[in-house]
Amino acid sequence: MVNRHHNQKLMPFVLFMVAFLVGADELLLGPILAPVGDDLGVAPERITLFITAYSLAIVFAAPFFGRLSDKIGRIQVILPACALFGLSSVATGLTDHFGLALATRVMTGLASAGMLPIAFALAGDQPGSKSMKQIVLVQAGLTLGMITSPGIGALLTAFHSWRFAFIALGCAAWLVALLLLLVSRKATPPASALSATASEPDLLVPRQASFRPLLIPGALGALLAMGFGLGGGIGIFNLAGQHLRDTEGLTVGWTGMMYAGLGVVSVLGNMGTSHAMKRFGSGRAVMRSALMVCMFSSVCLFSPLEELSSEQQTSWWAITLLLVAWSLAGGVGSPALQNHISQLSERHRGALMASGMSMMHLGVAVWSGTAGFAYTQGAGWVAALSAVLFFVAIIALKPAERPMETSATE
């Protein structure tokens, strides 16, 4: 269901930029909590409510926008969402009142809910191998935005102020909205309007007025994998730096450099997804294998590090290999899972991918807090939690009764 009126050369770049903006916004606040709090007259820890409000807005709004894009078209959703993202980001940078700033963050979360899942759905709408390539590109944009935004935010804050960082992000969103307007001459036809060409999974779903994604074979497992595997994995991975600071004396600066380097490894993993798909035959199989690597790496990392080796140098090599393996596997598996979800239902692709995005954000919120509490009881509890989360995701991604995904070799 590709819109032939799209400029096929520019659209992948625009989707990359949409994902980059959302990724940048998600982690922009990390290094600038103190200056934001000082300027708004609240404690820095209260600024974390900006992150909570933003994430909850995505969790609840993404399925609605995904379903809406299936009915009225992708561009009709993502274009105003980009414009709203720009408006709310600029408003965040201009407000002097904490309550109003919190409201603008909710609006930014709503806008992101209409941007990122729809960008993935637009990529999934592409025919044949183009679908996987564009999904990888969108995932790479998201990852790159997340790993560069802390540095960008800190740099812009040092150059001018934290307000300038949000205003710059908003203006960039307006430029992306303009590009979207230029490259889409005509709205993408609603997926529901193309039921005559519906894929096999759609024919297995009873015709009914209400959309029930769990009736689509394979959907429940994929959504659970997003919440437990991807969301849970991110939540636990965020503790790796703190664990190394506590056990190995890693400084804050080195921790930041470590995460930046591992982010680059994840992007390289994104780029290798297509090759992995050809080798394993499906996105589901790739993600299951990636989850096994992540489970092994996380359990070993949060086990007593001194048991890995009696020599400190060898121990650091082991730690580095575990972190690289975890990041690389996550980078390969994430777009593979997105591709798997995109192939489950042609008519309901937008709704399914948006539901997956909600599950991921919900997983990050729930399991980050759970992992943080477990860590206070001992690193071994985090190792046990990660084993459970990844195991649930692996089991959830077992093959459906009838295979619903498109092989990468097709």
# chains A, B, ... in the order shown; residues from 1 in each chain; ligands from 1
$ residues_around --residues "Ile147 (chain A)" --least-positions-apart "2" --cutoff "6 Å" --atoms "only C-alpha atoms" --output "JSON list (two decimals) with C-alpha atoms, in the first residue's frame"
[["chain", "number", "residue", "atom", "x", "y", "z"],
["A", 144, "LEU", "CA", 21.16, 7.96, 16.85],
["A", 145, "GLY", "CA", 18.83, 10.60, 18.29],
["A", 149, "SER", "CA", 20.77, 14.14, 22.39],
["A", 260, "ALA", "CA", 27.72, 6.79, 23.57],
["A", 263, "GLY", "CA", 24.90, 3.49, 21.12]]
$ residues_around --residues "region 94-111 of chain A" --least-positions-apart "5" --cutoff "8 Å" --atoms "only C-alpha atoms" --output "ChimeraX atom specification"
/A:39-42,49-51,53-58,61-62,81-82,84-85,88-89,163,167
$ residues_around --residues "Leu244 (chain A)" --least-positions-apart "2" --cutoff "12 Å" --atoms "only C-alpha atoms" --output "PyMOL selection string"
chain A and resi 237-242+246-252+254-256+258-259+301-306+315-316+319-320+323+379
$ residues_around --residues "Ser69 (chain A)" --least-positions-apart "3" --cutoff "12 Å" --atoms "only C-alpha atoms" --output "PDB file with N, CA, C and O atoms, in the first residue's frame"
ATOM      1  N   ALA A  62      -0.583   6.374  21.562  1.00  0.00           N
ATOM      2  CA  ALA A  62      -0.044   5.736  20.359  1.00  0.00           C
ATOM      3  C   ALA A  62      -1.031   4.776  19.690  1.00  0.00           C
ATOM      4  O   ALA A  62      -1.194   4.822  18.465  1.00  0.00           O
ATOM      5  N   PRO A  63      -1.721   3.880  20.437  1.00  0.00           N
ATOM      6  CA  PRO A  63      -2.667   2.992  19.759  1.00  0.00           C
ATOM      7  C   PRO A  63      -3.775   3.745  19.023  1.00  0.00           C
ATOM      8  O   PRO A  63      -4.201   3.327  17.936  1.00  0.00           O
ATOM      9  N   PHE A  64      -4.241   4.841  19.600  1.00  0.00           N
ATOM     10  CA  PHE A  64      -5.281   5.630  18.945  1.00  0.00           C
ATOM     11  C   PHE A  64      -4.784   6.186  17.613  1.00  0.00           C
ATOM     12  O   PHE A  64      -5.457   6.084  16.583  1.00  0.00           O
ATOM     13  N   PHE A  65      -3.582   6.774  17.619  1.00  0.00           N
ATOM     14  CA  PHE A  65      -3.062   7.362  16.391  1.00  0.00           C
ATOM     15  C   PHE A  65      -2.717   6.289  15.366  1.00  0.00           C
ATOM     16  O   PHE A  65      -2.862   6.508  14.156  1.00  0.00           O
ATOM     17  N   GLY A  66      -2.254   5.139  15.835  1.00  0.00           N
ATOM     18  CA  GLY A  66      -1.974   4.056  14.910  1.00  0.00           C
ATOM     19  C   GLY A  66      -3.223   3.572  14.206  1.00  0.00           C
ATOM     20  O   GLY A  66      -3.237   3.379  12.974  1.00  0.00           O
ATOM     21  N   ILE A  72      -7.520   6.753   8.045  1.00  0.00           N
ATOM     22  CA  ILE A  72      -7.515   7.966   7.221  1.00  0.00           C
ATOM     23  C   ILE A  72      -6.210   8.174   6.461  1.00  0.00           C
ATOM     24  O   ILE A  72      -6.124   9.078   5.627  1.00  0.00           O
ATOM     25  N   GLY A  73      -5.188   7.374   6.736  1.00  0.00           N
ATOM     26  CA  GLY A  73      -3.917   7.526   6.042  1.00  0.00           C
ATOM     27  C   GLY A  73      -2.802   7.971   6.961  1.00  0.00           C
ATOM     28  O   GLY A  73      -3.031   8.678   7.942  1.00  0.00           O
ATOM     29  N   ARG A  74      -1.593   7.552   6.638  1.00  0.00           N
ATOM     30  CA  ARG A  74      -0.442   7.843   7.500  1.00  0.00           C
ATOM     31  C   ARG A  74      -0.098   9.334   7.518  1.00  0.00           C
ATOM     32  O   ARG A  74       0.147   9.912   8.573  1.00  0.00           O
ATOM     33  N   ILE A  75      -0.027   9.942   6.322  1.00  0.00           N
ATOM     34  CA  ILE A  75       0.409  11.331   6.242  1.00  0.00           C
ATOM     35  C   ILE A  75      -0.532  12.254   6.997  1.00  0.00           C
ATOM     36  O   ILE A  75      -0.100  13.215   7.637  1.00  0.00           O
ATOM     37  N   GLN A  76      -1.838  11.955   6.949  1.00  0.00           N
ATOM     38  CA  GLN A  76      -2.814  12.804   7.643  1.00  0.00           C
ATOM     39  C   GLN A  76      -2.605  12.789   9.156  1.00  0.00           C
ATOM     40  O   GLN A  76      -3.113  13.656   9.859  1.00  0.00           O
ATOM     41  N   VAL A  77      -1.882  11.789   9.671  1.00  0.00           N
ATOM     42  CA  VAL A  77      -1.605  11.713  11.105  1.00  0.00           C
ATOM     43  C   VAL A  77      -0.220  12.270  11.423  1.00  0.00           C
ATOM     44  O   VAL A  77      -0.055  13.101  12.317  1.00  0.00           O
ATOM     45  N   ILE A  78       0.783  11.817  10.680  1.00  0.00           N
ATOM     46  CA  ILE A  78       2.160  12.169  11.029  1.00  0.00           C
ATOM     47  C   ILE A  78       2.471  13.637  10.758  1.00  0.00           C
ATOM     48  O   ILE A  78       3.252  14.263  11.480  1.00  0.00           O
ATOM     49  N   LEU A  79       1.852  14.229   9.741  1.00  0.00           N
ATOM     50  CA  LEU A  79       2.130  15.619   9.407  1.00  0.00           C
ATOM     51  C   LEU A  79       1.673  16.583  10.503  1.00  0.00           C
ATOM     52  O   LEU A  79       2.475  17.386  11.008  1.00  0.00           O
ATOM     53  N   PRO A  80       0.405  16.539  10.940  1.00  0.00           N
ATOM     54  CA  PRO A  80       0.016  17.430  12.054  1.00  0.00           C
ATOM     55  C   PRO A  80       0.726  17.084  13.351  1.00  0.00           C
ATOM     56  O   PRO A  80       0.952  17.963  14.193  1.00  0.00           O
ATOM     57  N   ALA A  81       1.100  15.806  13.522  1.00  0.00           N
ATOM     58  CA  ALA A  81       1.835  15.429  14.738  1.00  0.00           C
ATOM     59  C   ALA A  81       3.200  16.112  14.771  1.00  0.00           C
ATOM     60  O   ALA A  81       3.634  16.587  15.825  1.00  0.00           O
ATOM     61  N   ALA A 113       3.592  10.283  19.866  1.00  0.00           N
ATOM     62  CA  ALA A 113       2.755   9.102  19.643  1.00  0.00           C
ATOM     63  C   ALA A 113       2.200   9.070  18.231  1.00  0.00           C
ATOM     64  O   ALA A 113       1.893   7.995  17.702  1.00  0.00           O
ATOM     65  N   GLY A 114       2.063  10.237  17.606  1.00  0.00           N
ATOM     66  CA  GLY A 114       1.602  10.297  16.230  1.00  0.00           C
ATOM     67  C   GLY A 114       2.727  10.359  15.229  1.00  0.00           C
ATOM     68  O   GLY A 114       2.472  10.442  14.019  1.00  0.00           O
ATOM     69  N   MET A 115       3.962  10.338  15.706  1.00  0.00           N
ATOM     70  CA  MET A 115       5.120  10.426  14.809  1.00  0.00           C
ATOM     71  C   MET A 115       5.853   9.098  14.663  1.00  0.00           C
ATOM     72  O   MET A 115       5.902   8.528  13.572  1.00  0.00           O
ATOM     73  N   PRO A 117       5.473   5.762  15.769  1.00  0.00           N
ATOM     74  CA  PRO A 117       4.819   4.548  15.275  1.00  0.00           C
ATOM     75  C   PRO A 117       4.377   4.675  13.820  1.00  0.00           C
ATOM     76  O   PRO A 117       4.428   3.694  13.069  1.00  0.00           O
ATOM     77  N   ILE A 118       3.950   5.870  13.437  1.00  0.00           N
ATOM     78  CA  ILE A 118       3.487   6.065  12.065  1.00  0.00           C
ATOM     79  C   ILE A 118       4.666   6.042  11.103  1.00  0.00           C
ATOM     80  O   ILE A 118       4.545   5.567   9.966  1.00  0.00           O
ATOM     81  N   ALA A 119       5.819   6.543  11.540  1.00  0.00           N
ATOM     82  CA  ALA A 119       7.023   6.453  10.714  1.00  0.00           C
ATOM     83  C   ALA A 119       7.389   4.989  10.473  1.00  0.00           C
ATOM     84  O   ALA A 119       7.724   4.595   9.344  1.00  0.00           O
ATOM     85  N   PHE A 120       7.308   4.166  11.518  1.00  0.00           N
ATOM     86  CA  PHE A 120       7.565   2.734  11.353  1.00  0.00           C
ATOM     87  C   PHE A 120       6.520   2.100  10.424  1.00  0.00           C
ATOM     88  O   PHE A 120       6.839   1.246   9.597  1.00  0.00           O
ATOM     89  N   ALA A 121       5.259   2.511  10.569  1.00  0.00           N
ATOM     90  CA  ALA A 121       4.201   1.962   9.722  1.00  0.00           C
ATOM     91  C   ALA A 121       4.402   2.359   8.259  1.00  0.00           C
ATOM     92  O   ALA A 121       4.204   1.548   7.345  1.00  0.00           O
ATOM     93  N   LEU A 122       4.784   3.610   8.008  1.00  0.00           N
ATOM     94  CA  LEU A 122       5.076   4.054   6.652  1.00  0.00           C
ATOM     95  C   LEU A 122       6.218   3.240   6.052  1.00  0.00           C
ATOM     96  O   LEU A 122       6.172   2.861   4.872  1.00  0.00           O
ATOM     97  N   ASP A 125       4.976  -0.124   5.120  1.00  0.00           N
ATOM     98  CA  ASP A 125       4.091  -0.135   3.957  1.00  0.00           C
ATOM     99  C   ASP A 125       4.838  -0.350   2.650  1.00  0.00           C
ATOM    100  O   ASP A 125       4.215  -0.621   1.617  1.00  0.00           O
ATOM    101  N   ALA A 187      -2.324  11.983   0.098  1.00  0.00           N
ATOM    102  CA  ALA A 187      -2.341  11.186   1.320  1.00  0.00           C
ATOM    103  C   ALA A 187      -2.232   9.717   1.009  1.00  0.00           C
ATOM    104  O   ALA A 187      -2.743   9.222   0.022  1.00  0.00           O
ATOM    105  N   THR A 188      -1.525   8.995   1.872  1.00  0.00           N
ATOM    106  CA  THR A 188      -1.461   7.553   1.760  1.00  0.00           C
ATOM    107  C   THR A 188      -2.841   6.962   1.958  1.00  0.00           C
ATOM    108  O   THR A 188      -3.522   7.275   2.927  1.00  0.00           O
ATOM    109  N   PRO A 189      -3.311   6.085   1.054  1.00  0.00           N
ATOM    110  CA  PRO A 189      -4.636   5.516   1.217  1.00  0.00           C
ATOM    111  C   PRO A 189      -4.740   4.696   2.474  1.00  0.00           C
ATOM    112  O   PRO A 189      -3.779   4.036   2.856  1.00  0.00           O
ATOM    113  N   PRO A 190      -5.858   4.783   3.195  1.00  0.00           N
ATOM    114  CA  PRO A 190      -6.026   4.003   4.410  1.00  0.00           C
ATOM    115  C   PRO A 190      -5.852   2.517   4.142  1.00  0.00           C
ATOM    116  O   PRO A 190      -6.298   1.998   3.137  1.00  0.00           O
ATOM    117  N   ALA A 191      -5.200   1.853   5.067  1.00  0.00           N
ATOM    118  CA  ALA A 191      -5.003   0.422   4.901  1.00  0.00           C
ATOM    119  C   ALA A 191      -6.326  -0.313   4.825  1.00  0.00           C
ATOM    120  O   ALA A 191      -6.474  -1.296   4.107  1.00  0.00           O
ATOM    121  N   SER A 192      -7.330   0.166   5.572  1.00  0.00           N
ATOM    122  CA  SER A 192      -8.621  -0.507   5.584  1.00  0.00           C
ATOM    123  C   SER A 192      -9.318  -0.418   4.243  1.00  0.00           C
ATOM    124  O   SER A 192     -10.191  -1.223   3.928  1.00  0.00           O
ATOM    125  N   ALA A 193      -8.932   0.588   3.421  1.00  0.00           N
ATOM    126  CA  ALA A 193      -9.560   0.740   2.124  1.00  0.00           C
ATOM    127  C   ALA A 193      -9.022  -0.263   1.121  1.00  0.00           C
ATOM    128  O   ALA A 193      -9.560  -0.413   0.039  1.00  0.00           O
ATOM    129  N   ARG A 347      -3.872  -4.650   6.978  1.00  0.00           N
ATOM    130  CA  ARG A 347      -4.956  -3.696   7.245  1.00  0.00           C
ATOM    131  C   ARG A 347      -4.770  -2.955   8.557  1.00  0.00           C
ATOM    132  O   ARG A 347      -5.193  -1.818   8.706  1.00  0.00           O
ATOM    133  N   HIS A 348      -4.151  -3.610   9.543  1.00  0.00           N
ATOM    134  CA  HIS A 348      -4.030  -3.028  10.882  1.00  0.00           C
ATOM    135  C   HIS A 348      -2.576  -2.750  11.249  1.00  0.00           C
ATOM    136  O   HIS A 348      -2.231  -2.726  12.433  1.00  0.00           O
ATOM    137  N   ARG A 349      -1.738  -2.526  10.252  1.00  0.00           N
ATOM    138  CA  ARG A 349      -0.309  -2.334  10.507  1.00  0.00           C
ATOM    139  C   ARG A 349      -0.062  -1.140  11.435  1.00  0.00           C
ATOM    140  O   ARG A 349       0.723  -1.235  12.389  1.00  0.00           O
ATOM    141  N   GLY A 350      -0.691  -0.028  11.170  1.00  0.00           N
ATOM    142  CA  GLY A 350      -0.467   1.160  11.995  1.00  0.00           C
ATOM    143  C   GLY A 350      -0.845   0.930  13.443  1.00  0.00           C
ATOM    144  O   GLY A 350      -0.105   1.308  14.364  1.00  0.00           O
ATOM    145  N   ALA A 351      -2.010   0.307  13.662  1.00  0.00           N
ATOM    146  CA  ALA A 351      -2.468   0.073  15.025  1.00  0.00           C
ATOM    147  C   ALA A 351      -1.552  -0.892  15.764  1.00  0.00           C
ATOM    148  O   ALA A 351      -1.237  -0.699  16.945  1.00  0.00           O
ATOM    149  N   LEU A 352      -1.093  -1.936  15.075  1.00  0.00           N
ATOM    150  CA  LEU A 352      -0.228  -2.916  15.721  1.00  0.00           C
ATOM    151  C   LEU A 352       1.126  -2.319  16.084  1.00  0.00           C
ATOM    152  O   LEU A 352       1.638  -2.525  17.188  1.00  0.00           O
ATOM    153  N   MET A 353       1.705  -1.552  15.161  1.00  0.00           N
ATOM    154  CA  MET A 353       3.014  -0.978  15.437  1.00  0.00           C
ATOM    155  C   MET A 353       2.926   0.082  16.537  1.00  0.00           C
ATOM    156  O   MET A 353       3.833   0.222  17.362  1.00  0.00           O
ATOM    157  N   ALA A 354       1.824   0.819  16.556  1.00  0.00           N
ATOM    158  CA  ALA A 354       1.632   1.800  17.619  1.00  0.00           C
ATOM    159  C   ALA A 354       1.411   1.111  18.966  1.00  0.00           C
ATOM    160  O   ALA A 354       1.904   1.572  19.997  1.00  0.00           O
TER     161      ALA A 354
END
$ closest_residue --among "A:Thr48, A:Gly233, A:Lys9, A:Phe60" --to "Lys130 (chain A)" --atoms "only C-alpha atoms"
A:Lys9
$ closest_residue --among "A:Leu29, A:Met277, A:Met226, A:Leu328" --to "Ser297 (chain A)" --atoms "only C-alpha atoms"
A:Leu328
$ atom_distance --atom1 "CA of Gly356 (chain A)" --atom2 "CA of Leu223 (chain A)"
5.3 Å
$ residues_around --residues "Ala140 (chain A)" --least-positions-apart "5" --cutoff "8 Å" --atoms "only C-alpha atoms" --output "count of residues only"
4
$ select_by_dssp --residues "region 78-204 of chain A" --states "helix (DSSP H, G or I)" --output "PyMOL selection string"
chain A and resi 78-94+98-113+116-124+129-159+162-183+191-197+200-203
$ atom_distance --atom1 "CA of Leu321 (chain A)" --atom2 "CA of Lys133 (chain A)"
27.6 Å
$ residues_around --residues "Thr143 (chain A)" --least-positions-apart "2" --cutoff "12 Å" --atoms "only C-alpha atoms" --output "JSON, numbers by chain"
{"A": [16, 17, 18, 19, 20, 21, 22, 23, 24, 25, 26, 27, 136, 137, 138, 139, 140, 141, 145, 146, 147, 148, 149, 234, 259, 260, 261, 262, 263, 264, 265, 266, 267, 268, 269, 270, 271, 327, 330, 331, 332, 334, 335]}
$ residues_around --residues "Leu220 (chain A)" --least-positions-apart "3" --cutoff "12 Å" --atoms "only C-alpha atoms" --output "list in words"
Arg212, Pro213, Leu214, Leu215, Ile216, Pro217, Leu223, Leu224, Ala225, Met226, Gly227, Phe228, Ile341, Leu344, Leu352, Ser355, Gly356, Met359, Ala393, Ile395, Ala396, Leu397, Lys398, Pro399 and Ala400 of chain A
$ write_last_selection --atoms "N, CA, C and O atoms" --output "tab-separated table (two decimals), in the first residue's frame"
chain	number	residue	atom	x	y	z
A	212	ARG	N	-9.54	-5.74	17.41
A	212	ARG	CA	-9.01	-6.54	18.51
A	212	ARG	C	-7.69	-7.15	18.07
A	212	ARG	O	-7.66	-8.23	17.48
A	213	PRO	N	-6.58	-6.47	18.35
A	213	PRO	CA	-5.30	-6.92	17.82
A	213	PRO	C	-4.87	-8.29	18.31
A	213	PRO	O	-4.14	-9.00	17.61
A	214	LEU	N	-5.34	-8.69	19.51
A	214	LEU	CA	-4.89	-9.97	20.05
A	214	LEU	C	-5.48	-11.15	19.30
A	214	LEU	O	-5.04	-12.29	19.49
A	215	LEU	N	-6.49	-10.90	18.42
A	215	LEU	CA	-7.04	-11.97	17.61
A	215	LEU	C	-6.17	-12.27	16.39
A	215	LEU	O	-6.35	-13.29	15.74
A	216	ILE	N	-5.24	-11.39	16.09
A	216	ILE	CA	-4.34	-11.62	14.96
A	216	ILE	C	-3.25	-12.59	15.41
A	216	ILE	O	-2.55	-12.34	16.39
A	217	PRO	N	-3.10	-13.73	14.73
A	217	PRO	CA	-2.09	-14.71	15.15
A	217	PRO	C	-0.71	-14.10	15.25
A	217	PRO	O	-0.24	-13.42	14.33
A	223	LEU	N	3.68	-8.29	20.95
A	223	LEU	CA	3.48	-7.16	21.87
A	223	LEU	C	4.11	-7.44	23.24
A	223	LEU	O	4.68	-6.55	23.86
A	224	LEU	N	4.02	-8.69	23.69
A	224	LEU	CA	4.68	-9.06	24.95
A	224	LEU	C	6.19	-8.93	24.83
A	224	LEU	O	6.86	-8.50	25.77
A	225	ALA	N	6.71	-9.30	23.67
A	225	ALA	CA	8.16	-9.17	23.45
A	225	ALA	C	8.58	-7.71	23.47
A	225	ALA	O	9.66	-7.38	23.96
A	226	MET	N	7.73	-6.83	22.95
A	226	MET	CA	8.04	-5.40	23.01
A	226	MET	C	8.08	-4.91	24.45
A	226	MET	O	8.96	-4.13	24.83
A	227	GLY	N	7.13	-5.35	25.27
A	227	GLY	CA	7.06	-4.89	26.65
A	227	GLY	C	8.09	-5.52	27.56
A	227	GLY	O	8.75	-4.83	28.35
A	228	PHE	N	8.25	-6.85	27.46
A	228	PHE	CA	9.17	-7.55	28.35
A	228	PHE	C	10.60	-7.56	27.82
A	228	PHE	O	11.55	-7.29	28.57
A	341	ILE	N	6.28	-7.34	13.42
A	341	ILE	CA	4.97	-6.76	13.75
A	341	ILE	C	4.32	-6.16	12.51
A	341	ILE	O	3.11	-6.31	12.30
A	344	LEU	N	2.41	-8.71	10.40
A	344	LEU	CA	1.33	-9.50	10.99
A	344	LEU	C	-0.02	-9.18	10.38
A	344	LEU	O	-0.89	-10.04	10.27
A	352	LEU	N	-1.09	-1.94	15.08
A	352	LEU	CA	-0.23	-2.92	15.72
A	352	LEU	C	1.13	-2.32	16.08
A	352	LEU	O	1.64	-2.53	17.19
A	355	SER	N	0.68	0.01	18.96
A	355	SER	CA	0.48	-0.75	20.20
A	355	SER	C	1.80	-1.29	20.70
A	355	SER	O	2.07	-1.31	21.92
A	356	GLY	N	2.66	-1.72	19.78
A	356	GLY	CA	3.98	-2.19	20.17
A	356	GLY	C	4.81	-1.09	20.79
A	356	GLY	O	5.52	-1.30	21.78
A	359	MET	N	3.60	-0.58	24.30
A	359	MET	CA	4.09	-1.65	25.17
A	359	MET	C	5.56	-1.43	25.53
A	359	MET	O	5.97	-1.67	26.67
A	393	ALA	N	9.91	-13.03	27.07
A	393	ALA	CA	9.88	-12.53	25.70
A	393	ALA	C	10.23	-13.62	24.70
A	393	ALA	O	9.61	-13.72	23.62
A	395	ILE	N	9.80	-16.90	25.04
A	395	ILE	CA	8.68	-17.83	24.97
A	395	ILE	C	7.51	-17.18	24.22
A	395	ILE	O	6.82	-17.84	23.42
A	396	ALA	N	7.28	-15.89	24.44
A	396	ALA	CA	6.17	-15.20	23.78
A	396	ALA	C	6.34	-15.18	22.27
A	396	ALA	O	5.35	-15.16	21.52
A	397	LEU	N	7.58	-15.19	21.79
A	397	LEU	CA	7.84	-15.12	20.35
A	397	LEU	C	7.91	-16.49	19.68
A	397	LEU	O	8.48	-16.62	18.61
A	398	LYS	N	7.32	-17.50	20.33
A	398	LYS	CA	7.28	-18.80	19.68
A	398	LYS	C	6.45	-18.69	18.40
A	398	LYS	O	5.60	-17.80	18.27
A	399	PRO	N	6.68	-19.57	17.43
A	399	PRO	CA	5.95	-19.48	16.16
A	399	PRO	C	4.45	-19.57	16.37
A	399	PRO	O	3.97	-20.33	17.23
A	400	ALA	N	3.71	-18.76	15.61
A	400	ALA	CA	2.25	-18.86	15.64
A	400	ALA	C	1.83	-20.15	14.96
A	400	ALA	O	2.63	-20.84	14.31
$ atom_distance --atom1 "CA of Leu10 (chain A)" --atom2 "CA of Ser131 (chain A)"
15.1 Å
$ closest_residue --among "A:Ala91, A:Met357, A:Ala34, A:Met295" --to "Leu389 (chain A)" --atoms "only C-alpha atoms"
A:Met295
